[in-house]
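Q: Handing you a structure now.
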Protein chains: 2
Amino acid sequence: MGSCDSCLVRNRAICAALDAKELETLNAIGRRRELHAGESLIWEGEESILVANVIEGVLKLSTGTQDGREQIVGVVYPSEFFGRPFGTTSNHGVTALTDARVCVFSRRDFDAFARGHPALEHKLLERTLGELDRTRRWMLLLGRKSASEKIASFLLETADRLVEPGCKVHPDAHATRMTLPFSRQQIADVLGLTIETVSRQFSHLKHEGVIDLPSRRDVVILDREALVAEAG
Amino acid sequence: MGSCDSCLVRNRAICAALDAKELETLNAIGRRRELHAGESLIWEGEESILVANVIEGVLKLSTGTQDGREQIVGVVYPSEFFGRPFGTTSNHGVTALTDARVCVFSRRDFDAFARGHPALEHKLLERTLGELDRTRRWMLLLGRKSASEKIASFLLETADRLVEPGCKVHPDAHATRMTLPFSRQQIADVLGLTIETVSRQFSHLKHEGVIDLPSRRDVVILDREALVAEAG
DNA sequence: CGCGCATTTGAATACTTTCAACTATTGTGG
DNA sequence: CCACAATAGTTGAAAGTATTCAAATGCGCG
């Protein structure tokens, strides 16, 4: 229980860069942690104490203004890494969107370990570069897209990232039905909109027959082409 | 001419991680390139052929929609690195905002060199993590701030990044007068606004006595406190 | 089964954009 | 060096889109 051997994301996480012996060392400095939906692990502005890998569940990275406006700046799925290695302060909070399990490391321990293992640092670099690309693409959405384009883009991206990547047969598979790990307010915080605007756009897409909404959290994509066209 | 020895940003760029001998090797695979304002070095969507360090000048990273809307997703100043190492495609274009000099490497050569030099990869990782932090902070601006808050934030950030970092005496120095490396349209593309809105906000700040605008490209910050308050 | 809270829907408002005209700056050729 | 053309920026008015405020609906949990 809780060892790297039995880890669900063992070969997808950055740990895949390590051999058996190194993994043992890493195992010694890490520990499992369970989080309930809504629970935070890292707070914006605080000292960067820990970093982690997601084993199961979905978490959000967010920042806010003093007067309470919030912006979700990243969403972390299983096998992904979060936290701020090699830095003193955390620039955004990290909160579980669903119940989650993560593999946590003291930042200092992790930093020291990573410095001695270039293969791990390389994996981390590749992931960070990829995350930066994804984040920059999201800036186009925030700065230049209309509400309807934002919603369509959001549904497509979420459908893609939510598919369990275990299935190698269809590497480009898209979920056609999904249970969103987000409330309406959280969707608004991802897209830079208000909850009312999100709701109206969902209703509109439903009336157009592009999606179906069996329950609050479930979405069925009926017409993917239409969504792609709408995404701009 | 054009060797690492005489490089203006020699000890600020990632190259600072290398010793004399390694630098010589790196020097052999890199070459200097001059760019005129408006000239592009990398195009969005194309194969990632090269990466580079900025020696002098300012460049923008940008993406756009098919119908011509543009969003600037990053601004690169002297000593900073750009391009997409360890990846096949460039996700955003890179264009000089001012005349510029850069130190270019073939991506393949750079990747190979970096793989063999963990200290260089480490520096690159630290920079990438820092850039990701900065980018995520910008998302709060794009998603949640009003036009006036955006303009104030933009002026403060630009004033900070524009100061030559040579001056060690005042590490937190802010420029009080600056020549913007951006046209009004480019400011609009950074902030997700239209050129008219940018212009109106500038005029408003001027009439309020918060800034002065001696010429199109020059800004004098008269009341920094007011700008900070306005930035939200 | 009913209560509480998330979500939806409606109407009025506010902000940014769009379209259009005007002004100023820069650069060019006579 | 000046005149003028081209480009960049400013300003105004009208329109459009998302927000705000308010009320209603309905899902999900006890």
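Each chain in the structure tokens gets a letter, A, B and so on, in the order shown; residues start at 1 in every chain, and ligands are counted from 1 in the order they appear.
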Near chain A, which residues of chain D fall within 9 Å when you count only C-alpha atoms (C1' of nucleotides), and what do they look like as an MDAnalysis selection string?

A: chainID D and resid 17:19 27

Q: Give the residues of chain A that lie within 7 Å of chain B; count only C-alpha atoms, and format the answer as number ranges by chain.

A: A: 63, 65, 69, 71, 73, 86, 91, 118, 125-126, 128-129, 132-133, 136, 139-140, 142-144, 191-192, 232

Q: What are the closest atom pairs, with distances in Å to one decimal, for all residues of chain C lying within 9 Å of chain B? Consider only C-alpha atoms (C1' of nucleotides), order rows by chain and residue number, and present the result as JSON lines.

A:
```
{"residue": "C:DC15", "atom": "C1'", "partner": "B:Ser146", "partner_atom": "CA", "distance": 8.7}
{"residue": "C:DT16", "atom": "C1'", "partner": "B:Thr197", "partner_atom": "CA", "distance": 7.4}
{"residue": "C:DT17", "atom": "C1'", "partner": "B:Thr194", "partner_atom": "CA", "distance": 7.3}
{"residue": "C:DT25", "atom": "C1'", "partner": "B:Arg216", "partner_atom": "CA", "distance": 8.4}
```

Q: Could you save those same residues with all heavy atoms as a short mmCIF file (atom, residue, chain, number, x, y, z; two decimals), in the first residue's frame?

A:
```cif
data_model
loop_
_atom_site.label_atom_id
_atom_site.label_comp_id
_atom_site.auth_asym_id
_atom_site.auth_seq_id
_atom_site.Cartn_x
_atom_site.Cartn_y
_atom_site.Cartn_z
P DC C 15 -19.14 50.34 -15.70
OP1 DC C 15 -18.56 50.42 -14.34
OP2 DC C 15 -19.52 51.58 -16.43
"O5'" DC C 15 -18.13 49.52 -16.61
"C5'" DC C 15 -18.14 48.08 -16.61
"C4'" DC C 15 -17.80 47.60 -18.01
"O4'" DC C 15 -18.96 47.73 -18.86
"C3'" DC C 15 -16.68 48.41 -18.66
"O3'" DC C 15 -15.58 47.54 -18.81
"C2'" DC C 15 -17.28 48.89 -19.99
"C1'" DC C 15 -18.53 48.05 -20.17
N1 DC C 15 -19.69 48.72 -20.84
C2 DC C 15 -20.27 48.14 -21.97
O2 DC C 15 -19.80 47.08 -22.41
N3 DC C 15 -21.35 48.74 -22.54
C4 DC C 15 -21.85 49.86 -22.04
N4 DC C 15 -22.91 50.40 -22.64
C5 DC C 15 -21.27 50.49 -20.90
C6 DC C 15 -20.22 49.91 -20.34
P DT C 16 -14.20 48.05 -19.45
OP1 DT C 16 -13.10 47.34 -18.78
OP2 DT C 16 -14.22 49.53 -19.52
"O5'" DT C 16 -14.32 47.50 -20.95
"C5'" DT C 16 -14.57 46.12 -21.18
"C4'" DT C 16 -14.90 45.91 -22.64
"O4'" DT C 16 -16.13 46.58 -22.96
"C3'" DT C 16 -13.83 46.44 -23.60
"O3'" DT C 16 -13.44 45.35 -24.42
"C2'" DT C 16 -14.53 47.58 -24.35
"C1'" DT C 16 -16.01 47.21 -24.23
N1 DT C 16 -16.98 48.35 -24.26
C2 DT C 16 -18.04 48.30 -25.15
O2 DT C 16 -18.21 47.39 -25.94
N3 DT C 16 -18.90 49.38 -25.10
C4 DT C 16 -18.81 50.47 -24.25
O4 DT C 16 -19.64 51.37 -24.29
C5 DT C 16 -17.67 50.46 -23.33
C7 DT C 16 -17.48 51.60 -22.37
C6 DT C 16 -16.82 49.41 -23.38
P DT C 17 -12.51 45.55 -25.70
OP1 DT C 17 -11.80 44.27 -25.87
OP2 DT C 17 -11.77 46.83 -25.62
"O5'" DT C 17 -13.59 45.68 -26.86
"C5'" DT C 17 -14.53 44.63 -27.05
"C4'" DT C 17 -15.46 44.97 -28.20
"O4'" DT C 17 -16.22 46.16 -27.88
"C3'" DT C 17 -14.77 45.22 -29.53
"O3'" DT C 17 -15.42 44.42 -30.50
"C2'" DT C 17 -14.96 46.72 -29.77
"C1'" DT C 17 -16.25 47.00 -29.01
N1 DT C 17 -16.45 48.38 -28.47
C2 DT C 17 -17.59 49.08 -28.80
O2 DT C 17 -18.45 48.65 -29.54
N3 DT C 17 -17.70 50.32 -28.20
C4 DT C 17 -16.81 50.92 -27.34
O4 DT C 17 -17.03 52.04 -26.87
C5 DT C 17 -15.62 50.14 -27.05
C7 DT C 17 -14.58 50.70 -26.13
C6 DT C 17 -15.50 48.92 -27.62
P DT C 25 2.19 65.23 -32.38
OP1 DT C 25 2.16 65.25 -30.91
OP2 DT C 25 2.45 66.47 -33.16
"O5'" DT C 25 3.25 64.13 -32.84
"C5'" DT C 25 2.93 62.74 -32.70
"C4'" DT C 25 3.44 61.96 -33.89
"O4'" DT C 25 2.62 62.19 -35.05
"C3'" DT C 25 4.87 62.29 -34.30
"O3'" DT C 25 5.63 61.12 -34.10
"C2'" DT C 25 4.76 62.68 -35.77
"C1'" DT C 25 3.45 62.01 -36.18
N1 DT C 25 2.73 62.57 -37.34
C2 DT C 25 2.54 61.77 -38.46
O2 DT C 25 2.97 60.63 -38.54
N3 DT C 25 1.82 62.36 -39.47
C4 DT C 25 1.29 63.63 -39.50
O4 DT C 25 0.66 64.02 -40.47
C5 DT C 25 1.53 64.41 -38.31
C7 DT C 25 0.99 65.81 -38.23
C6 DT C 25 2.23 63.85 -37.29
#
```

Q: In segment 1-198 of chain B, what's strand (DSSP E or B) per DSSP? Answer as JSON, numbers by chain?

A: {"B": [30, 31, 32, 33, 34, 35, 40, 41, 42, 47, 50, 51, 52, 53, 54, 55, 56, 59, 60, 61, 62, 63, 64, 70, 71, 72, 73, 74, 75, 76, 81, 82, 89, 93, 94, 95, 96, 100, 101, 102, 103, 104, 105, 106, 177, 178, 179]}

Q: May I ask for the distance between atom CA of His204 of chain B and atom CA of Glu164 of chain B, given in Å to one decimal place?

A: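 Atom CA of His204 of chain B sits 28.8 Å away from atom CA of Glu164 of chain B.
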
Q: Using only C-alpha atoms (C1' of nucleotides), which protein or nucleic acid residues come within 9 Å of DT9 of chain C? Drop anything in the same chain fewer than 4 positions from it, and give the result as a list in words.

A: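 The neighbour list is Arg200 of chain A; DA23, DA24 and DT25 of chain D.
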
Q: Include all heavy atoms and write out the residues we just selected as a PDB file, in the first residue's frame.

A:
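Saved file again-v1.pdb follows:
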```pdb
ATOM      1  N   ARG A 200     -26.125  30.072 -19.261  1.00  0.00           N
ATOM      2  CA  ARG A 200     -26.836  30.433 -20.487  1.00  0.00           C
ATOM      3  C   ARG A 200     -26.224  29.761 -21.708  1.00  0.00           C
ATOM      4  O   ARG A 200     -26.941  29.282 -22.587  1.00  0.00           O
ATOM      5  CB  ARG A 200     -26.798  31.952 -20.688  1.00  0.00           C
ATOM      6  CG  ARG A 200     -27.920  32.660 -19.970  1.00  0.00           C
ATOM      7  CD  ARG A 200     -27.905  34.147 -20.314  1.00  0.00           C
ATOM      8  NE  ARG A 200     -27.333  34.927 -19.232  1.00  0.00           N
ATOM      9  CZ  ARG A 200     -28.044  35.426 -18.229  1.00  0.00           C
ATOM     10  NH1 ARG A 200     -29.348  35.219 -18.154  1.00  0.00           N
ATOM     11  NH2 ARG A 200     -27.461  36.129 -17.280  1.00  0.00           N
TER      12      ARG A 200
ATOM     13  P    DA D  23     -36.656  40.169  -6.246  1.00  0.00           P
ATOM     14  OP1  DA D  23     -37.762  41.121  -6.061  1.00  0.00           O
ATOM     15  OP2  DA D  23     -35.833  39.713  -5.102  1.00  0.00           O
ATOM     16  O5'  DA D  23     -37.232  38.879  -6.984  1.00  0.00           O
ATOM     17  C5'  DA D  23     -37.658  38.990  -8.351  1.00  0.00           C
ATOM     18  C4'  DA D  23     -37.756  37.607  -8.942  1.00  0.00           C
ATOM     19  O4'  DA D  23     -36.421  37.090  -9.188  1.00  0.00           O
ATOM     20  C3'  DA D  23     -38.451  36.583  -8.032  1.00  0.00           C
ATOM     21  O3'  DA D  23     -39.457  35.946  -8.793  1.00  0.00           O
ATOM     22  C2'  DA D  23     -37.334  35.627  -7.632  1.00  0.00           C
ATOM     23  C1'  DA D  23     -36.405  35.724  -8.832  1.00  0.00           C
ATOM     24  N9   DA D  23     -35.017  35.357  -8.577  1.00  0.00           N
ATOM     25  C8   DA D  23     -34.201  35.773  -7.562  1.00  0.00           C
ATOM     26  N7   DA D  23     -32.990  35.263  -7.607  1.00  0.00           N
ATOM     27  C5   DA D  23     -33.021  34.458  -8.735  1.00  0.00           C
ATOM     28  C6   DA D  23     -32.043  33.638  -9.340  1.00  0.00           C
ATOM     29  N6   DA D  23     -30.804  33.502  -8.860  1.00  0.00           N
ATOM     30  N1   DA D  23     -32.404  32.965 -10.455  1.00  0.00           N
ATOM     31  C2   DA D  23     -33.645  33.111 -10.924  1.00  0.00           C
ATOM     32  N3   DA D  23     -34.652  33.857 -10.454  1.00  0.00           N
ATOM     33  C4   DA D  23     -34.261  34.507  -9.350  1.00  0.00           C
ATOM     34  P    DA D  24     -40.432  34.884  -8.179  1.00  0.00           P
ATOM     35  OP1  DA D  24     -41.793  35.250  -8.609  1.00  0.00           O
ATOM     36  OP2  DA D  24     -40.119  34.665  -6.744  1.00  0.00           O
ATOM     37  O5'  DA D  24     -40.011  33.578  -8.990  1.00  0.00           O
ATOM     38  C5'  DA D  24     -39.894  33.655 -10.414  1.00  0.00           C
ATOM     39  C4'  DA D  24     -39.284  32.374 -10.915  1.00  0.00           C
ATOM     40  O4'  DA D  24     -37.911  32.305 -10.507  1.00  0.00           O
ATOM     41  C3'  DA D  24     -39.946  31.107 -10.365  1.00  0.00           C
ATOM     42  O3'  DA D  24     -40.061  30.194 -11.436  1.00  0.00           O
ATOM     43  C2'  DA D  24     -38.981  30.609  -9.302  1.00  0.00           C
ATOM     44  C1'  DA D  24     -37.654  31.030  -9.925  1.00  0.00           C
ATOM     45  N9   DA D  24     -36.547  31.208  -8.996  1.00  0.00           N
ATOM     46  C8   DA D  24     -36.514  31.923  -7.828  1.00  0.00           C
ATOM     47  N7   DA D  24     -35.348  31.906  -7.229  1.00  0.00           N
ATOM     48  C5   DA D  24     -34.553  31.128  -8.062  1.00  0.00           C
ATOM     49  C6   DA D  24     -33.198  30.735  -7.991  1.00  0.00           C
ATOM     50  N6   DA D  24     -32.388  31.091  -6.987  1.00  0.00           N
ATOM     51  N1   DA D  24     -32.737  29.959  -8.985  1.00  0.00           N
ATOM     52  C2   DA D  24     -33.561  29.609  -9.989  1.00  0.00           C
ATOM     53  N3   DA D  24     -34.837  29.925 -10.163  1.00  0.00           N
ATOM     54  C4   DA D  24     -35.279  30.697  -9.152  1.00  0.00           C
ATOM     55  P    DT D  25     -41.032  28.970 -11.384  1.00  0.00           P
ATOM     56  OP1  DT D  25     -41.882  29.053 -12.581  1.00  0.00           O
ATOM     57  OP2  DT D  25     -41.607  28.866 -10.023  1.00  0.00           O
ATOM     58  O5'  DT D  25     -40.027  27.751 -11.592  1.00  0.00           O
ATOM     59  C5'  DT D  25     -39.055  27.832 -12.652  1.00  0.00           C
ATOM     60  C4'  DT D  25     -37.933  26.875 -12.339  1.00  0.00           C
ATOM     61  O4'  DT D  25     -37.110  27.363 -11.272  1.00  0.00           O
ATOM     62  C3'  DT D  25     -38.400  25.476 -11.911  1.00  0.00           C
ATOM     63  O3'  DT D  25     -37.948  24.580 -12.898  1.00  0.00           O
ATOM     64  C2'  DT D  25     -37.751  25.271 -10.548  1.00  0.00           C
ATOM     65  C1'  DT D  25     -36.586  26.239 -10.604  1.00  0.00           C
ATOM     66  N1   DT D  25     -36.014  26.732  -9.333  1.00  0.00           N
ATOM     67  C2   DT D  25     -34.687  26.474  -9.066  1.00  0.00           C
ATOM     68  O2   DT D  25     -33.961  25.850  -9.819  1.00  0.00           O
ATOM     69  N3   DT D  25     -34.224  26.974  -7.880  1.00  0.00           N
ATOM     70  C4   DT D  25     -34.947  27.698  -6.948  1.00  0.00           C
ATOM     71  O4   DT D  25     -34.421  28.102  -5.917  1.00  0.00           O
ATOM     72  C5   DT D  25     -36.338  27.932  -7.276  1.00  0.00           C
ATOM     73  C7   DT D  25     -37.203  28.706  -6.322  1.00  0.00           C
ATOM     74  C6   DT D  25     -36.798  27.439  -8.436  1.00  0.00           C
TER      75       DT D  25
END
```

Q: Taking 6 positions as the minimum chain separation for residues in the same chain, which residues sit within 6 Å of segment 44-51 of chain A when counting only C-alpha atoms (C1' of nucleotides)? Answer as number ranges by chain.

A: A: 82-83, 88-93, 104-107

Q: Mind dumping the selected residues with N, CA and C atoms as a PDB file, in the first residue's frame?

A:
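What landed in again-v3.pdb:
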```pdb
ATOM      1  N   PHE A  82       2.517  18.784  -9.756  1.00  0.00           N
ATOM      2  CA  PHE A  82       2.210  20.176  -9.403  1.00  0.00           C
ATOM      3  C   PHE A  82       3.032  20.628  -8.207  1.00  0.00           C
ATOM      4  N   GLY A  83       2.999  21.910  -7.954  1.00  0.00           N
ATOM      5  CA  GLY A  83       3.829  22.505  -6.908  1.00  0.00           C
ATOM      6  C   GLY A  83       4.973  23.266  -7.546  1.00  0.00           C
ATOM      7  N   THR A  88      10.827  29.658  -3.844  1.00  0.00           N
ATOM      8  CA  THR A  88      10.530  29.834  -2.436  1.00  0.00           C
ATOM      9  C   THR A  88       9.042  29.995  -2.132  1.00  0.00           C
ATOM     10  N   THR A  89       8.291  30.619  -3.063  1.00  0.00           N
ATOM     11  CA  THR A  89       6.872  30.801  -2.758  1.00  0.00           C
ATOM     12  C   THR A  89       5.975  30.172  -3.814  1.00  0.00           C
ATOM     13  N   SER A  90       4.794  29.764  -3.353  1.00  0.00           N
ATOM     14  CA  SER A  90       3.790  29.203  -4.250  1.00  0.00           C
ATOM     15  C   SER A  90       2.995  30.355  -4.838  1.00  0.00           C
ATOM     16  N   ASN A  91       2.917  30.408  -6.152  1.00  0.00           N
ATOM     17  CA  ASN A  91       2.238  31.532  -6.785  1.00  0.00           C
ATOM     18  C   ASN A  91       0.746  31.321  -7.007  1.00  0.00           C
ATOM     19  N   HIS A  92       0.289  30.105  -6.725  1.00  0.00           N
ATOM     20  CA  HIS A  92      -1.154  29.871  -6.840  1.00  0.00           C
ATOM     21  C   HIS A  92      -1.553  28.767  -5.877  1.00  0.00           C
ATOM     22  N   GLY A  93      -2.805  28.783  -5.488  1.00  0.00           N
ATOM     23  CA  GLY A  93      -3.296  27.751  -4.588  1.00  0.00           C
ATOM     24  C   GLY A  93      -3.577  26.466  -5.341  1.00  0.00           C
ATOM     25  N   VAL A 104       2.955  13.053  -2.247  1.00  0.00           N
ATOM     26  CA  VAL A 104       3.557  14.332  -1.841  1.00  0.00           C
ATOM     27  C   VAL A 104       5.028  14.194  -1.440  1.00  0.00           C
ATOM     28  N   PHE A 105       5.802  15.241  -1.777  1.00  0.00           N
ATOM     29  CA  PHE A 105       7.190  15.308  -1.354  1.00  0.00           C
ATOM     30  C   PHE A 105       7.456  16.653  -0.702  1.00  0.00           C
ATOM     31  N   SER A 106       8.322  16.657   0.266  1.00  0.00           N
ATOM     32  CA  SER A 106       8.806  17.926   0.793  1.00  0.00           C
ATOM     33  C   SER A 106       9.572  18.568  -0.361  1.00  0.00           C
ATOM     34  N   ARG A 107       9.347  19.859  -0.574  1.00  0.00           N
ATOM     35  CA  ARG A 107      10.014  20.485  -1.713  1.00  0.00           C
ATOM     36  C   ARG A 107      11.528  20.385  -1.602  1.00  0.00           C
TER      37      ARG A 107
END
```

Q: List every residue of segment 72-165 of chain A that DSSP, applied to the backbone of this structure, assigns to alpha helix (DSSP H), and report them as number ranges by chain.

A: A: 107-115, 118-144, 147-162

Q: Of the candidates A:Val228, A:Val219, A:Val76, A:Met178, which one gets nearest to Leu156 of chain A if we count only C-alpha atoms?

A: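 The closest residue to Leu156 of chain A is A:Val228.
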
Q: Using atom CA of Lys150 of chain B and atom CA of Ala229 of chain B as the two end points, give the distance in Å to one decimal.

A: 11.9 Å

Q: Please list as a PyMOL selection string every residue within 8 Å of Val9 of chain B, counting only C-alpha atoms (C1' of nucleotides) and excluding residues in the same chain fewer than 5 positions away.

A: chain B and resi 55+78-79

Q: Name the residues in contact with DT7 of chain D at a cut-off of 12 Å, using only C-alpha atoms (C1' of nucleotides), excluding same-chain residues fewer than 6 positions from it; report them as a VMD selection string.

A: (chain B and resid 183) or (chain C and resid 24 to 27)

Q: Between atom C1' of DT10 of chain D and atom CA of Leu162 of chain B, measure the distance and give it in Å to one decimal.

A: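 Pair atom C1' of DT10 of chain D / atom CA of Leu162 of chain B returns 26.1 Å.
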